[in-house]
Amino acid sequence: SSFRHCWRSDIISLSLPLYFVSAMGSDTRVELTGTYVYATGDMFCGTLDLAGYPGGRGVLYYVETGDCDVGVFDRQLQQSGEGVRYSKDRNAAYHLMNGQLEGGLLDLAEALHLMEMEEIPAVWHKEAIPAPTSYDPARWRQTKGYYAYRQLSALPMLESPMGPSPFLPAWKKES
């Protein structure tokens with residue numbers, strides 16, 4: 001399937017700090033963790049490249065079907081290597097190889113282990129998206145006050161007043 005890229009304003013969150021991964025020699029790349037939403041409503045959450053496009057391990061949520069794919073993706077959202085597809089209600093998982101169904105149904109615990117995830121991805125589909133609200137002056141003042149407080153307290157300005165995104169994948173920590 002093809003995806004239409006949205007304008008840069010459609011990147012709805014970038015989580016910092018930046019992780020600088022140094023390879024051999026002077027080759028250095030920057031990885032960001034965040035969210036990219038497409039005009040179709042589909043959403044990628046995970047590793048983004050410096051330009052803010054998908055580029056690495058993450059979760060691709062399909063808004064029409066409610067399914068989601070977990071794996072390693074390139075900028076064109078082509079999945080490479082092993083992956084897992086979760087059903088709309090997240091009670092079934094299927095093995096993927098290079099973006100294609102292969103191997104059949106997986107146990108949910110096995111799927112989490114295969115993808116090195118802490119928890120099953122959050123639900124994202126048309127019925128789960130809240131209805132848009134109009135401009136609310138009270139909400140605007142509350143948000144403005146939140147950031148003014150953080151600035152006066154010398155706290156990081158990168159945290160949302162709505163809390164952390166439930167859609168960013170929780171990967172197992174390397175020990």
# chains A, B, ... in the order shown; residues from 1 in each chain; ligands from 1
call {"tool": "residues_around", "arguments": {"residues": "Gly41 in chain A", "least_positions_apart": "4", "cutoff": "10 Å", "atoms": "only C-alpha atoms", "output": "list in words"}}
result
Tyr36, Val37, Tyr61, Tyr62, Val63, Glu64, Trp124, His125, Lys126 and Ile129 of chain A
call {"tool": "residues_around", "arguments": {"residues": "range 116-118 of chain A", "least_positions_apart": "2", "cutoff": "7 Å", "atoms": "only C-alpha atoms", "output": "PyMOL selection string"}}
result
chain A and resi 112-114+170-172
call {"tool": "select_by_dssp", "arguments": {"residues": "range 25-121 of chain A", "states": "strand (DSSP E or B)", "output": "NGL selection string"}}
result
:A and (28-37 or 43-48 or 54-61 or 68-73 or 79-86 or 93-97 or 100-106 or 117)
call {"tool": "closest_residue", "arguments": {"among": "A:Gln151, A:Val70, A:Tyr38, A:Leu77", "to": "Ala111 in chain A", "atoms": "only C-alpha atoms"}}
result
A:Val70
call {"tool": "residues_around", "arguments": {"residues": "Val72 in chain A", "least_positions_apart": "5", "cutoff": "8 Å", "atoms": "only C-alpha atoms", "output": "ChimeraX atom specification"}}
result
/A:55-58,79-81,83
call {"tool": "closest_residue", "arguments": {"among": "A:Met157, A:Ala148, A:Leu50, A:Ala138", "to": "Val30 in chain A", "atoms": "only C-alpha atoms"}}
result
A:Leu50
call {"tool": "select_by_dssp", "arguments": {"residues": "chain A", "states": "helix (DSSP H, G or I)", "output": "PyMOL selection string"}}
result
chain A and resi 8-10+108-115+126-128+137-152
